[in-house]
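Below is one structure, written out as structure tokens; comments come after it.
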Amino acid sequence: MKDGRIIGLGLESSCDETAAAVVADGKDILSNCIYSQVDLHSIYSGVVPEIASRAHLEKINPLIHSALLESGSGFGDLDYVAATNRPGLIGSLMIGLQSAKTISFALGIPLVAVNHLEAHLYAPFLEGHGPGYPFMGLLISGGNTVLFEVRGPGDMEVAGRTADDAVGESYDKVAKFLGFGYPGGPVIDRLAKGAVARKNLFPKILTDPGDTRFSYSGLKTAVINYMKQFPGADKAEVAWSFQERALEILARRLFAAARDRGIKKMVVAGGVAANSRLRELLAEQKKQDETIMIPSPLLCTDNAAMIAGAGYMYFNAGISDPLTVDVKAKV
Ligand code: KG4
């Protein structure tokens with residue numbers, strides 16, 4: 001099954017998805033197995049770290065087994081093993097990293113400890129887009145809202161980040177307030193499509209063009225106050241109005257940073273990149289000579305194929321990590 005190709009196993013366990021994947025040459029996904037813990041956490045309307053770690057521990061071995069089986073590979077075919085070691089929940093990260101260390105030690109193959117944020121930005125490269133540097137990388141998820149200038153593997157500079165909540169977190173909180181379950185992003189995305197009267201109920205966020213920050217706690221509070229004042233308000237219209245503002249600043253900041261720097265390529269990744277309205281907005285505002293790469297929805301959310309892919313860049317450059325490498329809550 002190797003055919004002279006470089007085969008990597010990727011492991012992901014930074015938050016509430018346990019995942020194992022096998023990738024060939026850093027670009028061909030041979031298997032991509034994911035166990036989502038959403039049902040375990042949904043009754044708490046958020047991720048409970050202790051429950052997450054226990055579930056990772058129970059699932060990681062069966063997932064590694066399935067990923068190898070589906071890819072048609074055995075442990076003996078692996079050239080390297082990569083695992084997320086930062087950022088994330090400490091107890092959760094330890095399960096994936098420790099499993100990867102064990103495999104690395106037992107097989108005598110290199111271990112690559114991967115930055116989860118960098119891996120998200122690698123996702124489009126698993127779908128036929130060659131990594132082309134430099135690019136602007138907008139990472140939008142339940143835990144992060146951050147814009148990077150990416151100049152090469154590991155060479156990333158923050159060009160803007162949220163001053164408070166992450167955009168996905170604000171979707172989840174607003175959805176919860178409107179009486180919907182977790183995760184709230186897909187619910188609001190769907191609900192907003194059905195809005196009839198499309199009126200802007202909330203102001204644009206941080207309109208000073210010199211500002212590079214994002215902010216979501218004010219918008220969330222504005223939605224809550226509006227619903228308290230007008231309890232009978234149409235939820236689809238409120239969802240539409242919230243979403244327009246939540247997404248408008250993402251597009252505005254991304255294009256401003258790219259055009260300021262003369263960068264023509266952009267990658268948008270993370271759970272919120274699955275949003276259908278965001279895809280529309282970016283396509284509308286993009287200039288002809290600009291390229292926007294957004295992974296397919298399965299690769300937008302946490303997965304291990306992106307970990308194996310990002311790990312490949314380092315392995316290929318002869319860079320690996322010692323077995324003493326540790327997990328980190330923050331990058
Ligand atoms: O990257 P991700 O799977 O991992 C975490 O950060 O945990 O992102 C999950 C986030 C959640 O906040 C979820 O509500 C949001 O992505 N999300 C969406 C959509 N699908 C998922 N937000 C807006 N629109 C969507 N279609």
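Scheme for the structure tokens: letters A, B, ... for chains in order shown; per-chain residue numbers from 1; ligand numbers from 1 in order shown.
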
Problem - ligand 1 neighbours within 10 Å using only C-alpha atoms and all ligand atoms, as an MDAnalysis selection string - result: chainID A and resid 14:17 36 38 46:47 88 116:117 120 139:145 166:175 181:190 243 246:247 269:278 297:303

Exercise for the section: Determine which residues of stretch 16-111 of chain A receive a DSSP assignment of helix (DSSP H, G or I), computed from the backbone, and state them as an NGL selection string. Expected result: :A and (38-42 or 49-71 or 75-77 or 90-107)

Exercise for the section: Considering only C-alpha atoms, return as number ranges by chain whatever protein or nucleic-acid residues lie within 12 Å of A:Asp289, sequence-local ones (same chain, fewer than 6 positions apart) excluded. Expected result: A: 259, 262-266

Practice task
Give me, please, the distance in Å between atom CA of A:Ser104 and atom CA of A:Tyr80, quoted to one decimal.
Solution key: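 Separation between atom CA of A:Ser104 and atom CA of A:Tyr80: 7.4 Å.
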
Practice task
Counting only C-alpha atoms, figure out which residue out of A:Arg198, A:Lys176, A:Lys101, A:Arg5 gets nearest to A:Val238.
Solution key: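 Under the stated criterion, the closest residue is A:Arg198.
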
Problem - Nearest to A:Asn61 by atom-to-atom distance, counting only C-alpha atoms, from A:Ile224, A:Leu11, A:Val267, A:Ala329 - result: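 Using only C-alpha atoms, the shortest distance to A:Asn61 belongs to A:Leu11.
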
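One finds atom CA of A:Tyr216 at 5.4 Å from atom CA of A:Asp165.
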
Practice task
Among the residues of stretch 90-209 of chain A, find those DSSP assigns to strand (DSSP E or B) from the backbone and print them as a list in words.
Solution key: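 Those residues are Leu111, Val112, Ala113, Val114, Asn115, Phe135, Met136, Gly137, Leu138, Leu139, Ile140, Thr145, Val146, Leu147, Phe148, Glu149, Val150, Arg151, Gly152, Asp155, Met156, Glu157, Val158, Ala159, Gly160, Arg161 and Thr162 of chain A.
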
Problem - Among the residues A:Lys193, A:Arg161, A:Arg86, A:Arg151, the one that comes closest to A:Pro134 [using only C-alpha atoms] - result: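 Counting only C-alpha atoms, the residue closest to A:Pro134 is A:Arg151.
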
Practice task
Find the residues near A:Cys33: any atom within 6 Å, counting only C-alpha atoms, skip ones fewer than 3 places away on the same chain, and give them as a ChimeraX atom specification.
Solution key: /A:19-21,67

Handout entry: One-decimal distance in Å that lies between atom CA of A:Leu147 and atom CA of A:Ala100
Key =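 Spanning atom CA of A:Ala100 to atom CA of A:Leu147 is a straight-line distance of 29.1 Å.
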